[in-house]
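Raw work-v5.cif, mmCIF, C-alpha atoms and all ligand atoms:
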data_data
loop_
_atom_site.group_PDB
_atom_site.id
_atom_site.type_symbol
_atom_site.label_atom_id
_atom_site.label_comp_id
_atom_site.auth_asym_id
_atom_site.auth_seq_id
_atom_site.Cartn_x
_atom_site.Cartn_y
_atom_site.Cartn_z
ATOM 1 C CA MET A 141 -19.654 -4.660 2.191
ATOM 2 C CA THR A 142 -16.559 -5.916 4.032
ATOM 3 C CA ALA A 143 -13.859 -3.822 5.662
ATOM 4 C CA ALA A 144 -11.426 -4.871 2.915
ATOM 5 C CA THR A 145 -13.760 -3.638 0.205
ATOM 6 C CA ILE A 146 -14.307 -0.346 1.927
ATOM 7 C CA THR A 147 -10.577 0.195 2.388
ATOM 8 C CA ALA A 148 -9.823 -0.794 -1.185
ATOM 9 C CA ARG A 149 -12.500 1.518 -2.561
ATOM 10 C CA ARG A 150 -11.309 4.328 -0.374
ATOM 11 C CA ALA A 151 -7.784 3.848 -1.675
ATOM 12 C CA PHE A 152 -9.029 3.883 -5.245
ATOM 13 C CA LYS A 153 -11.293 6.863 -4.978
ATOM 14 C CA SER A 154 -8.292 8.894 -4.026
ATOM 15 C CA VAL A 155 -5.853 7.645 -6.646
ATOM 16 C CA PRO A 156 -3.080 8.628 -6.965
ATOM 17 C CA LEU A 157 -2.867 8.167 -3.209
ATOM 18 C CA GLU A 158 -4.582 8.461 0.094
ATOM 19 C CA ARG A 159 -2.951 7.582 3.364
ATOM 20 C CA ALA A 160 -5.426 6.170 5.831
ATOM 21 C CA PRO A 161 -4.228 6.299 9.448
ATOM 22 C CA ARG A 162 -2.850 2.884 10.420
ATOM 23 C CA ARG A 163 -2.557 1.407 13.886
ATOM 24 C CA PRO A 164 -1.384 4.709 15.413
ATOM 25 C CA GLN A 165 -0.528 2.981 18.690
ATOM 26 C CA THR A 166 2.224 0.897 17.089
ATOM 27 C CA PRO A 167 5.671 2.537 16.843
ATOM 28 C CA VAL A 168 7.115 3.343 13.442
ATOM 29 C CA ALA A 169 9.652 0.755 12.217
ATOM 30 C CA PHE A 170 11.008 2.971 9.446
ATOM 31 C CA SER A 171 10.035 5.916 7.324
ATOM 32 C CA PHE A 172 11.026 7.320 3.965
ATOM 33 C CA ARG A 173 10.507 11.062 3.717
ATOM 34 C CA ASN A 174 10.527 12.506 0.222
ATOM 35 C CA VAL A 175 13.235 10.017 -0.735
ATOM 36 C CA GLY A 176 14.739 10.153 -4.199
ATOM 37 C CA LYS A 177 17.388 8.048 -5.865
ATOM 38 C CA LYS A 178 19.263 8.783 -9.079
ATOM 39 C CA PHE A 179 21.903 6.788 -10.877
ATOM 40 C CA GLY A 180 23.785 9.405 -12.855
ATOM 41 C CA ASP A 181 21.125 11.398 -14.697
ATOM 42 C CA LYS A 182 18.544 8.651 -14.394
ATOM 43 C CA THR A 183 15.880 9.177 -11.724
ATOM 44 C CA VAL A 184 14.871 5.791 -10.313
ATOM 45 C CA LEU A 185 12.887 6.840 -7.231
ATOM 46 C CA GLU A 186 11.231 10.184 -6.600
ATOM 47 C CA GLY A 187 9.236 11.673 -3.721
ATOM 48 C CA ILE A 188 8.883 8.404 -1.807
ATOM 49 C CA ASP A 189 6.947 8.967 1.426
ATOM 50 C CA LEU A 190 6.379 5.758 3.298
ATOM 51 C CA GLU A 191 5.860 5.101 6.994
ATOM 52 C CA VAL A 192 5.755 1.488 8.101
ATOM 53 C CA ARG A 193 4.812 0.384 11.589
ATOM 54 C CA GLU A 194 6.544 -2.275 13.653
ATOM 55 C CA GLY A 195 5.340 -5.740 12.848
ATOM 56 C CA GLN A 196 3.593 -4.725 9.643
ATOM 57 C CA PHE A 197 3.885 -6.911 6.543
ATOM 58 C CA LEU A 198 4.306 -4.646 3.525
ATOM 59 C CA ALA A 199 4.420 -5.865 -0.065
ATOM 60 C CA VAL A 200 5.921 -3.736 -2.816
ATOM 61 C CA ILE A 201 4.674 -4.382 -6.330
ATOM 62 C CA GLY A 202 5.570 -2.839 -9.655
ATOM 63 C CA LYS A 203 6.651 -3.549 -13.188
ATOM 64 C CA SER A 204 10.204 -4.549 -13.946
ATOM 65 C CA GLY A 205 12.601 -1.629 -13.579
ATOM 66 C CA CYS A 206 10.205 0.600 -11.596
ATOM 67 C CA GLY A 207 12.618 0.839 -8.654
ATOM 68 C CA LYS A 208 11.458 -1.866 -6.203
ATOM 69 C CA SER A 209 14.871 -3.384 -5.516
ATOM 70 C CA THR A 210 16.407 0.049 -5.264
ATOM 71 C CA LEU A 211 13.894 0.926 -2.531
ATOM 72 C CA LEU A 212 14.756 -2.278 -0.668
ATOM 73 C CA ARG A 213 18.492 -1.638 -0.996
ATOM 74 C CA LEU A 214 18.009 1.819 0.519
ATOM 75 C CA LEU A 215 16.027 0.275 3.369
ATOM 76 C CA ALA A 216 18.756 -2.296 4.029
ATOM 77 C CA GLY A 217 21.503 0.327 3.915
ATOM 78 C CA LEU A 218 23.134 -1.202 0.825
ATOM 79 C CA ASP A 219 22.753 2.111 -0.978
ATOM 80 C CA ARG A 220 22.038 5.708 -0.009
ATOM 81 C CA PRO A 221 19.271 8.062 -1.125
ATOM 82 C CA THR A 222 20.220 10.944 -3.393
ATOM 83 C CA SER A 223 17.644 13.158 -1.671
ATOM 84 C CA GLY A 224 15.220 13.022 1.244
ATOM 85 C CA GLN A 225 15.561 11.047 4.447
ATOM 86 C CA LEU A 226 15.258 7.497 5.607
ATOM 87 C CA ALA A 227 14.830 6.923 9.321
ATOM 88 C CA HIS A 228 14.432 3.815 11.410
ATOM 89 C CA ASP A 229 12.770 3.655 14.830
ATOM 90 C CA ALA A 230 13.319 6.619 17.125
ATOM 91 C CA GLY A 231 14.409 8.683 14.142
ATOM 92 C CA LYS A 232 17.830 7.041 13.851
ATOM 93 C CA THR A 233 19.141 5.645 10.597
ATOM 94 C CA ASP A 234 20.303 2.297 11.914
ATOM 95 C CA HIS A 235 20.514 -0.567 9.471
ATOM 96 C CA SER A 236 22.088 -3.000 11.919
ATOM 97 C CA ARG A 237 18.823 -4.829 12.687
ATOM 98 C CA THR A 238 17.722 -5.063 9.051
ATOM 99 C CA ARG A 239 18.406 -8.237 7.054
ATOM 100 C CA ILE A 240 17.844 -8.808 3.371
ATOM 101 C CA MET A 241 17.037 -11.994 1.480
ATOM 102 C CA PHE A 242 17.359 -12.312 -2.302
ATOM 103 C CA GLN A 243 15.909 -14.453 -5.071
ATOM 104 C CA GLU A 244 19.109 -16.535 -5.120
ATOM 105 C CA PRO A 245 20.012 -18.192 -1.814
ATOM 106 C CA ARG A 246 23.658 -17.000 -1.996
ATOM 107 C CA LEU A 247 24.895 -19.803 0.267
ATOM 108 C CA LEU A 248 28.590 -20.529 0.808
ATOM 109 C CA PRO A 249 29.207 -23.821 -1.032
ATOM 110 C CA TRP A 250 32.152 -24.741 1.177
ATOM 111 C CA ALA A 251 30.205 -24.368 4.448
ATOM 112 C CA ARG A 252 27.702 -26.874 5.830
ATOM 113 C CA VAL A 253 24.082 -25.821 6.228
ATOM 114 C CA VAL A 254 24.391 -24.965 9.940
ATOM 115 C CA ASP A 255 27.513 -22.889 9.290
ATOM 116 C CA ASN A 256 25.761 -21.046 6.472
ATOM 117 C CA VAL A 257 23.028 -20.095 8.925
ATOM 118 C CA ALA A 258 25.599 -19.015 11.528
ATOM 119 C CA VAL A 259 26.924 -16.453 9.028
ATOM 120 C CA GLY A 260 23.849 -14.449 10.047
ATOM 121 C CA LEU A 261 25.271 -14.217 13.571
ATOM 122 C CA THR A 262 28.599 -12.691 12.574
ATOM 123 C CA GLY A 263 29.406 -10.077 15.193
ATOM 124 C CA ILE A 264 26.501 -11.241 17.385
ATOM 125 C CA ALA A 265 27.426 -14.729 18.594
ATOM 126 C CA LYS A 266 30.034 -17.392 17.851
ATOM 127 C CA GLY A 267 31.100 -20.906 18.742
ATOM 128 C CA ARG A 268 28.659 -23.129 20.581
ATOM 129 C CA GLN A 269 26.135 -20.356 21.088
ATOM 130 C CA ALA A 270 26.038 -19.554 17.367
ATOM 131 C CA ARG A 271 25.657 -23.231 16.511
ATOM 132 C CA ASP A 272 22.808 -23.745 18.996
ATOM 133 C CA ARG A 273 20.930 -20.696 17.737
ATOM 134 C CA SER A 274 21.465 -21.771 14.137
ATOM 135 C CA LEU A 275 20.106 -25.242 14.887
ATOM 136 C CA GLU A 276 17.109 -23.728 16.609
ATOM 137 C CA ILE A 277 16.156 -21.576 13.613
ATOM 138 C CA LEU A 278 16.817 -24.506 11.256
ATOM 139 C CA ARG A 279 14.204 -26.409 13.266
ATOM 140 C CA GLU A 280 11.754 -23.559 12.709
ATOM 141 C CA VAL A 281 12.222 -23.724 8.936
ATOM 142 C CA GLY A 282 11.944 -27.526 9.009
ATOM 143 C CA LEU A 283 15.552 -28.333 8.139
ATOM 144 C CA ALA A 284 17.124 -29.416 11.416
ATOM 145 C CA ASP A 285 17.861 -32.833 9.957
ATOM 146 C CA ARG A 286 19.903 -31.293 7.111
ATOM 147 C CA ALA A 287 22.154 -29.176 9.347
ATOM 148 C CA GLY A 288 25.321 -31.168 8.625
ATOM 149 C CA GLU A 289 24.906 -31.337 4.852
ATOM 150 C CA TRP A 290 26.444 -29.276 2.054
ATOM 151 C CA PRO A 291 24.213 -26.737 0.257
ATOM 152 C CA SER A 292 24.798 -28.517 -3.068
ATOM 153 C CA VAL A 293 22.646 -31.503 -2.054
ATOM 154 C CA LEU A 294 19.590 -29.359 -1.174
ATOM 155 C CA SER A 295 16.661 -28.548 -3.473
ATOM 156 C CA GLY A 296 15.979 -24.955 -4.525
ATOM 157 C CA GLY A 297 13.242 -24.594 -1.911
ATOM 158 C CA GLN A 298 15.452 -26.038 0.828
ATOM 159 C CA LYS A 299 18.268 -23.643 -0.084
ATOM 160 C CA GLN A 300 15.827 -20.743 0.264
ATOM 161 C CA ARG A 301 14.825 -22.073 3.686
ATOM 162 C CA VAL A 302 18.488 -21.974 4.702
ATOM 163 C CA ALA A 303 18.737 -18.426 3.361
ATOM 164 C CA LEU A 304 15.622 -17.514 5.367
ATOM 165 C CA ALA A 305 17.137 -19.092 8.492
ATOM 166 C CA ARG A 306 20.371 -17.137 7.953
ATOM 167 C CA ALA A 307 18.386 -13.901 7.585
ATOM 168 C CA LEU A 308 16.362 -14.558 10.743
ATOM 169 C CA VAL A 309 18.914 -16.088 13.089
ATOM 170 C CA GLY A 310 20.096 -12.669 14.305
ATOM 171 C CA GLN A 311 16.489 -11.723 15.170
ATOM 172 C CA PRO A 312 16.185 -8.748 12.822
ATOM 173 C CA LEU A 313 13.639 -6.013 13.457
ATOM 174 C CA ILE A 314 13.141 -5.603 9.721
ATOM 175 C CA LEU A 315 13.336 -8.351 7.106
ATOM 176 C CA ALA A 316 13.670 -7.110 3.521
ATOM 177 C CA LEU A 317 12.711 -9.758 0.975
ATOM 178 C CA ASP A 318 13.697 -9.179 -2.651
ATOM 179 C CA GLU A 319 11.613 -11.666 -4.697
ATOM 180 C CA PRO A 320 12.774 -14.505 -2.426
ATOM 181 C CA LEU A 321 10.298 -16.996 -3.847
ATOM 182 C CA GLY A 322 10.584 -15.925 -7.475
ATOM 183 C CA ALA A 323 12.617 -18.913 -8.655
ATOM 184 C CA LEU A 324 10.537 -21.600 -6.922
ATOM 185 C CA ASP A 325 7.932 -23.858 -8.510
ATOM 186 C CA ALA A 326 4.296 -23.013 -7.736
ATOM 187 C CA LEU A 327 3.736 -25.588 -4.970
ATOM 188 C CA THR A 328 7.039 -24.943 -3.209
ATOM 189 C CA ARG A 329 6.240 -21.272 -3.451
ATOM 190 C CA ILE A 330 2.941 -21.674 -1.617
ATOM 191 C CA GLU A 331 4.652 -23.773 1.077
ATOM 192 C CA MET A 332 7.292 -21.068 1.495
ATOM 193 C CA GLN A 333 4.631 -18.366 1.709
ATOM 194 C CA GLN A 334 2.980 -20.288 4.526
ATOM 195 C CA LEU A 335 6.318 -20.764 6.286
ATOM 196 C CA LEU A 336 7.156 -17.098 5.942
ATOM 197 C CA GLU A 337 3.775 -16.072 7.330
ATOM 198 C CA ARG A 338 4.055 -18.492 10.254
ATOM 199 C CA ILE A 339 7.536 -17.268 11.225
ATOM 200 C CA TRP A 340 6.535 -13.630 10.775
ATOM 201 C CA LEU A 341 3.523 -14.171 13.058
ATOM 202 C CA SER A 342 5.677 -15.794 15.744
ATOM 203 C CA GLN A 343 8.733 -13.508 15.557
ATOM 204 C CA LYS A 344 6.843 -10.253 14.920
ATOM 205 C CA PHE A 345 9.491 -8.556 12.767
ATOM 206 C CA THR A 346 8.553 -5.965 10.164
ATOM 207 C CA ALA A 347 8.515 -7.574 6.712
ATOM 208 C CA VAL A 348 8.971 -5.793 3.390
ATOM 209 C CA LEU A 349 8.429 -8.098 0.442
ATOM 210 C CA VAL A 350 9.217 -7.108 -3.128
ATOM 211 C CA THR A 351 7.314 -9.336 -5.511
ATOM 212 C CA HIS A 352 5.952 -9.455 -9.060
ATOM 213 C CA ASP A 353 3.230 -11.815 -7.911
ATOM 214 C CA VAL A 354 0.050 -9.909 -7.060
ATOM 215 C CA ALA A 355 -1.614 -13.031 -5.593
ATOM 216 C CA GLU A 356 1.374 -13.500 -3.285
ATOM 217 C CA ALA A 357 1.216 -9.861 -2.192
ATOM 218 C CA VAL A 358 -2.454 -9.928 -1.204
ATOM 219 C CA ALA A 359 -2.119 -13.371 0.408
ATOM 220 C CA LEU A 360 0.732 -12.291 2.679
ATOM 221 C CA ALA A 361 0.670 -8.559 3.244
ATOM 222 C CA ASP A 362 -1.194 -6.195 5.578
ATOM 223 C CA ARG A 363 -0.576 -3.490 3.058
ATOM 224 C CA VAL A 364 0.482 -3.303 -0.580
ATOM 225 C CA VAL A 365 2.178 -0.359 -2.249
ATOM 226 C CA VAL A 366 2.421 -0.140 -6.012
ATOM 227 C CA ILE A 367 5.365 1.684 -7.566
ATOM 228 C CA ASP A 368 5.227 3.059 -11.073
ATOM 229 C CA GLU A 369 8.132 4.910 -12.643
ATOM 230 C CA GLY A 370 9.764 5.494 -9.279
ATOM 231 C CA ARG A 371 6.707 6.808 -7.436
ATOM 232 C CA ILE A 372 4.163 5.228 -5.104
ATOM 233 C CA VAL A 373 0.881 5.287 -7.025
ATOM 234 C CA LEU A 374 -1.270 3.093 -4.800
ATOM 235 C CA ASP A 375 -1.205 2.313 -1.085
ATOM 236 C CA LEU A 376 -3.743 -0.353 -0.198
ATOM 237 C CA ASP A 377 -4.625 -1.933 3.153
ATOM 238 C CA ILE A 378 -5.366 -5.669 3.148
ATOM 239 C CA PRO A 379 -7.199 -6.072 6.459
ATOM 240 C CA LEU A 380 -8.209 -9.708 5.962
ATOM 241 C CA PRO A 381 -7.943 -12.404 8.638
ATOM 242 C CA ARG A 382 -5.121 -14.965 8.542
ATOM 243 C CA PRO A 383 -4.304 -17.518 7.417
ATOM 244 C CA ARG A 384 -5.753 -16.519 4.041
ATOM 245 C CA ARG A 385 -6.933 -19.071 1.542
ATOM 246 C CA HIS A 386 -5.775 -18.649 -2.027
ATOM 247 C CA GLY A 387 -8.536 -18.129 -4.570
ATOM 248 C CA THR A 388 -11.184 -16.462 -2.385
ATOM 249 C CA SER A 389 -13.330 -13.805 -4.016
ATOM 250 C CA GLU A 390 -12.086 -11.162 -1.590
ATOM 251 C CA LEU A 391 -8.435 -11.779 -2.509
ATOM 252 C CA ALA A 392 -9.349 -11.909 -6.209
ATOM 253 C CA ARG A 393 -11.081 -8.535 -5.942
ATOM 254 C CA LEU A 394 -8.022 -6.929 -4.318
ATOM 255 C CA GLU A 395 -5.767 -8.510 -6.931
ATOM 256 C CA GLY A 396 -7.971 -6.987 -9.616
ATOM 257 C CA LEU A 397 -7.630 -3.518 -8.099
ATOM 258 C CA ILE A 398 -3.848 -3.794 -8.060
ATOM 259 C CA LEU A 399 -3.643 -5.202 -11.590
ATOM 260 C CA ASP A 400 -5.854 -2.402 -12.873
ATOM 261 C CA ARG A 401 -3.580 0.157 -11.306
ATOM 262 C CA LEU A 402 -0.526 -1.565 -12.755
ATOM 263 C CA PHE A 403 -1.802 -1.966 -16.291
ATOM 264 C CA ASN A 404 -4.528 0.611 -16.788
ATOM 265 C CA GLY A 405 -3.486 3.265 -14.303
ATOM 266 C CA GLU A 406 -6.949 3.188 -12.728
ATOM 267 C CA ALA A 407 -9.712 1.040 -11.290
ATOM 268 C CA ARG A 408 -12.093 -0.869 -13.523
HETATM 269 N N1 LIG A 501 23.648 0.457 -9.531
HETATM 270 C C1 LIG A 501 22.932 0.914 -10.556
HETATM 271 N N2 LIG A 501 23.476 1.724 -11.487
HETATM 272 C C2 LIG A 501 22.742 2.224 -12.489
HETATM 273 N N3 LIG A 501 21.434 1.960 -12.677
HETATM 274 C C3 LIG A 501 20.839 1.161 -11.787
HETATM 275 C C4 LIG A 501 21.545 0.592 -10.679
HETATM 276 N N4 LIG A 501 20.682 -0.156 -9.959
HETATM 277 C C5 LIG A 501 19.491 -0.079 -10.580
HETATM 278 N N5 LIG A 501 19.587 0.719 -11.672
HETATM 279 C C6 LIG A 501 18.496 1.069 -12.590
HETATM 280 O O1 LIG A 501 17.407 1.521 -11.800
HETATM 281 C C7 LIG A 501 16.172 1.084 -12.366
HETATM 282 C C8 LIG A 501 15.375 0.364 -11.305
HETATM 283 O O2 LIG A 501 16.057 -0.838 -10.935
HETATM 284 P P1 LIG A 501 15.486 -1.811 -9.820
HETATM 285 O O3 LIG A 501 16.404 -2.977 -9.764
HETATM 286 O O4 LIG A 501 15.246 -1.053 -8.583
HETATM 287 O O5 LIG A 501 14.091 -2.203 -10.471
HETATM 288 P P2 LIG A 501 13.066 -3.326 -10.056
HETATM 289 O O6 LIG A 501 11.736 -2.673 -10.000
HETATM 290 O O7 LIG A 501 13.511 -4.029 -8.826
HETATM 291 O O8 LIG A 501 13.147 -4.276 -11.321
HETATM 292 P P3 LIG A 501 12.969 -5.870 -11.426
HETATM 293 O O9 LIG A 501 11.552 -6.146 -11.032
HETATM 294 O O10 LIG A 501 13.225 -6.139 -12.881
HETATM 295 O O11 LIG A 501 13.968 -6.507 -10.520
HETATM 296 C C9 LIG A 501 16.528 0.220 -13.569
HETATM 297 O O12 LIG A 501 16.407 0.995 -14.734
HETATM 298 C C10 LIG A 501 17.980 -0.136 -13.345
HETATM 299 O O13 LIG A 501 18.657 -0.307 -14.545
#

The structure given in the file should be rewritten as structure tokens.
Amino acid sequence: MTAATITARRAFKSVPLERAPRRPQTPVAFSFRNVGKKFGDKTVLEGIDLEVREGQFLAVIGKSGCGKSTLLRLLAGLDRPTSGQLAHDAGKTDHSRTRIMFQEPRLLPWARVVDNVAVGLTGIAKGRQARDRSLEILREVGLADRAGEWPSVLSGGQKQRVALARALVGQPLILALDEPLGALDALTRIEMQQLLERIWLSQKFTAVLVTHDVAEAVALADRVVVIDEGRIVLDLDIPLPRPRRHGTSELARLEGLILDRLFNGEAR
């Protein structure tokens, strides 16, 4: 039996949730403590306890409307919890080193690609320095040769690469990803997953990916949490070596565990 199987089984035996100790030597990047969020009378998140370590890749999965984006917006400081506490490293609530990327690239149509990337350096660098850093990150996402073009001439996948470059150019500690690959075709999506993994491995930021795609979650993440009706109902380690190959039996097994929790509320 592999380590992944053992961890998965352990997580399932203890449904609704068991928290195995994780890399205790690594500092905490952020933590949610008993966080709740309401919109008017509607409770969207409740009793969220989540501690994520620096450099971890976390995927957040759940059915439409379960509160995934709301959780990410709280993390990025775009909204505030109604109850409980959210803390970043050293116990401070500091959103300044968190960047968020959405399903739509949200590029400025009147700014060239390099200037769109430099938007991510607002308040950090300007002029020549901003341009050089933007070009450097464009090289990392494979778009250095498109720096002087307008966003309108890029493909959907290329626009998302620019959005990724803009999110990363300021060297965030935490990158929040709200279904960033959701609108891409299947092949472009796999290419973007590989790019994201490569950059995450080299830059070592903490990644939090909201996705509907269970295969994407287990291919990319160190850990997957499943949200159902505003609560974390499964917290699963994915301790598999990288890079991971799509379609292996180990990944399929973990996908099955997550799908069972999503649709049946339990393991097979
Ligand atoms: N600003 C808001 N005002 C009122 N209700 C909101 C607001 N933002 C989100 N909601 C509600 O909170 C619930 C959770 O929304 P959220 O966007 O977090 O879900 P989600 O899991 O990300 O869904 P999806 O996968 O469809 O994007 C939904 O019922 C939504 O209508």

Given only C-alpha atoms and all ligand atoms, how would the per-residue table for chain A near ligand LIG 501 (chain A) read, listing every residue at most 8 Å away with its closest atom pair and distance in Å to one decimal, sorted by chain and number, as a Markdown table?
| residue | atom | partner | partner_atom | distance |
| --- | --- | --- | --- | --- |
| A:Lys178 | CA | A:LIG501 | O1 | 8.0 |
| A:Phe179 | CA | A:LIG501 | C2 | 4.9 |
| A:Gly180 | CA | A:LIG501 | C2 | 7.3 |
| A:Lys182 | CA | A:LIG501 | N3 | 7.5 |
| A:Thr183 | CA | A:LIG501 | O1 | 7.8 |
| A:Val184 | CA | A:LIG501 | O1 | 5.2 |
| A:Gly202 | CA | A:LIG501 | O6 | 6.2 |
| A:Lys203 | CA | A:LIG501 | O9 | 6.0 |
| A:Ser204 | CA | A:LIG501 | O10 | 3.6 |
| A:Gly205 | CA | A:LIG501 | O5 | 3.5 |
| A:Cys206 | CA | A:LIG501 | O6 | 4.0 |
| A:Gly207 | CA | A:LIG501 | O4 | 3.2 |
| A:Lys208 | CA | A:LIG501 | O6 | 3.9 |
| A:Ser209 | CA | A:LIG501 | O7 | 3.6 |
| A:Thr210 | CA | A:LIG501 | O4 | 3.7 |
| A:Leu211 | CA | A:LIG501 | O4 | 6.5 |
| A:Val350 | CA | A:LIG501 | O7 | 7.8 |
| A:Thr351 | CA | A:LIG501 | O9 | 7.7 |
| A:His352 | CA | A:LIG501 | O9 | 6.8 |
| A:Gly370 | CA | A:LIG501 | C8 | 7.9 |

A:Leu349, A:Thr262, A:Pro320, A:Arg306 ranked by distance to Glu276 in chain A, top pick (using only C-alpha atoms):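 Looking only at the distances to Glu276 in chain A, the closest residue turns out to be A:Arg306.
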
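Proximity to Leu308 in chain A was assessed for A:Leu324, A:Leu399, A:Leu261, A:Ile372 counting all atoms listed in the file; the smallest distance is recorded for A:Leu261.
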
Evaluate the PyMOL selection byres (((chain A and resi 298-304) around 8) and not hetatm) and report residues as a PyMOL selection string: chain A and resi 241+244-247+253+256-257+278+281+283+291+294-297+305-308+320-321+332

Save the residues we just selected, C-alpha atoms, as a PDB file, in the frame of the given file?
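part_33.pdb, written as the output of this step:
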ATOM      1  CA  MET A 241      17.037 -11.994   1.480  1.00  0.00           C
ATOM      2  CA  GLU A 244      19.109 -16.535  -5.120  1.00  0.00           C
ATOM      3  CA  PRO A 245      20.012 -18.192  -1.814  1.00  0.00           C
ATOM      4  CA  ARG A 246      23.658 -17.000  -1.996  1.00  0.00           C
ATOM      5  CA  LEU A 247      24.895 -19.803   0.267  1.00  0.00           C
ATOM      6  CA  VAL A 253      24.082 -25.821   6.228  1.00  0.00           C
ATOM      7  CA  ASN A 256      25.761 -21.046   6.472  1.00  0.00           C
ATOM      8  CA  VAL A 257      23.028 -20.095   8.925  1.00  0.00           C
ATOM      9  CA  LEU A 278      16.817 -24.506  11.256  1.00  0.00           C
ATOM     10  CA  VAL A 281      12.222 -23.724   8.936  1.00  0.00           C
ATOM     11  CA  LEU A 283      15.552 -28.333   8.139  1.00  0.00           C
ATOM     12  CA  PRO A 291      24.213 -26.737   0.257  1.00  0.00           C
ATOM     13  CA  LEU A 294      19.590 -29.359  -1.174  1.00  0.00           C
ATOM     14  CA  SER A 295      16.661 -28.548  -3.473  1.00  0.00           C
ATOM     15  CA  GLY A 296      15.979 -24.955  -4.525  1.00  0.00           C
ATOM     16  CA  GLY A 297      13.242 -24.594  -1.911  1.00  0.00           C
ATOM     17  CA  ALA A 305      17.137 -19.092   8.492  1.00  0.00           C
ATOM     18  CA  ARG A 306      20.371 -17.137   7.953  1.00  0.00           C
ATOM     19  CA  ALA A 307      18.386 -13.901   7.585  1.00  0.00           C
ATOM     20  CA  LEU A 308      16.362 -14.558  10.743  1.00  0.00           C
ATOM     21  CA  PRO A 320      12.774 -14.505  -2.426  1.00  0.00           C
ATOM     22  CA  LEU A 321      10.298 -16.996  -3.847  1.00  0.00           C
ATOM     23  CA  MET A 332       7.292 -21.068   1.495  1.00  0.00           C
TER      24      MET A 332
END

Atomic separation - CA of Gly187 in chain A relative to CA of Asp368 in chain A, Å: 12.0 Å

Distance in Å - CA of Ser389 in chain A versus CA of Ile330 in chain A: 18.2 Å

Residues within 7 Å of (-1.8, -13.7, 4.4), counting all atoms listed in the file, listed as a ChimeraX atom specification: /A:337,358-361,382-384

Selection: 9 Å around Ile314 in chain A, all atoms listed in the file, excl. self and same-chain fewer than 5 positions, as a PyMOL selection string: chain A and resi 169-170+194-195+216+235+237-240+345-348

Test item: the PyMOL selection byres (((chain A and resi 289) around 10) and not hetatm) resolved as a ChimeraX atom specification: /A:251-255,285-288,290-294

Give me range 284-296 of chain A with N, CA and C atoms filled in, as a PDB file, in the coordinates of the input.
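Heads up, here's the output in out20.pdb:
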ATOM      1  N   ALA A 284      16.157 -29.028  10.381  1.00  0.00           N
ATOM      2  CA  ALA A 284      17.124 -29.416  11.416  1.00  0.00           C
ATOM      3  C   ALA A 284      17.891 -30.678  11.015  1.00  0.00           C
ATOM      4  N   ASP A 285      17.213 -31.569  10.320  1.00  0.00           N
ATOM      5  CA  ASP A 285      17.861 -32.833   9.957  1.00  0.00           C
ATOM      6  C   ASP A 285      18.860 -32.684   8.800  1.00  0.00           C
ATOM      7  N   ARG A 286      18.959 -31.504   8.216  1.00  0.00           N
ATOM      8  CA  ARG A 286      19.903 -31.293   7.111  1.00  0.00           C
ATOM      9  C   ARG A 286      21.072 -30.412   7.547  1.00  0.00           C
ATOM     10  N   ALA A 287      21.169 -30.149   8.846  1.00  0.00           N
ATOM     11  CA  ALA A 287      22.154 -29.176   9.347  1.00  0.00           C
ATOM     12  C   ALA A 287      23.590 -29.494   8.940  1.00  0.00           C
ATOM     13  N   GLY A 288      23.928 -30.797   8.892  1.00  0.00           N
ATOM     14  CA  GLY A 288      25.321 -31.168   8.625  1.00  0.00           C
ATOM     15  C   GLY A 288      25.639 -31.374   7.157  1.00  0.00           C
ATOM     16  N   GLU A 289      24.679 -31.067   6.278  1.00  0.00           N
ATOM     17  CA  GLU A 289      24.906 -31.337   4.852  1.00  0.00           C
ATOM     18  C   GLU A 289      25.474 -30.111   4.126  1.00  0.00           C
ATOM     19  N   TRP A 290      25.940 -30.373   2.889  1.00  0.00           N
ATOM     20  CA  TRP A 290      26.444 -29.276   2.054  1.00  0.00           C
ATOM     21  C   TRP A 290      25.271 -28.665   1.289  1.00  0.00           C
ATOM     22  N   PRO A 291      25.301 -27.370   1.001  1.00  0.00           N
ATOM     23  CA  PRO A 291      24.213 -26.737   0.257  1.00  0.00           C
ATOM     24  C   PRO A 291      23.934 -27.411  -1.086  1.00  0.00           C
ATOM     25  N   SER A 292      24.962 -27.967  -1.716  1.00  0.00           N
ATOM     26  CA  SER A 292      24.798 -28.517  -3.068  1.00  0.00           C
ATOM     27  C   SER A 292      23.811 -29.683  -3.135  1.00  0.00           C
ATOM     28  N   VAL A 293      23.564 -30.359  -2.007  1.00  0.00           N
ATOM     29  CA  VAL A 293      22.646 -31.503  -2.054  1.00  0.00           C
ATOM     30  C   VAL A 293      21.192 -31.090  -1.747  1.00  0.00           C
ATOM     31  N   LEU A 294      20.958 -29.810  -1.495  1.00  0.00           N
ATOM     32  CA  LEU A 294      19.590 -29.359  -1.174  1.00  0.00           C
ATOM     33  C   LEU A 294      18.833 -28.951  -2.437  1.00  0.00           C
ATOM     34  N   SER A 295      17.510 -29.041  -2.378  1.00  0.00           N
ATOM     35  CA  SER A 295      16.661 -28.548  -3.473  1.00  0.00           C
ATOM     36  C   SER A 295      16.632 -27.016  -3.422  1.00  0.00           C
ATOM     37  N   GLY A 296      16.073 -26.421  -4.481  1.00  0.00           N
ATOM     38  CA  GLY A 296      15.979 -24.955  -4.525  1.00  0.00           C
ATOM     39  C   GLY A 296      15.188 -24.395  -3.348  1.00  0.00           C
TER      40      GLY A 296
END
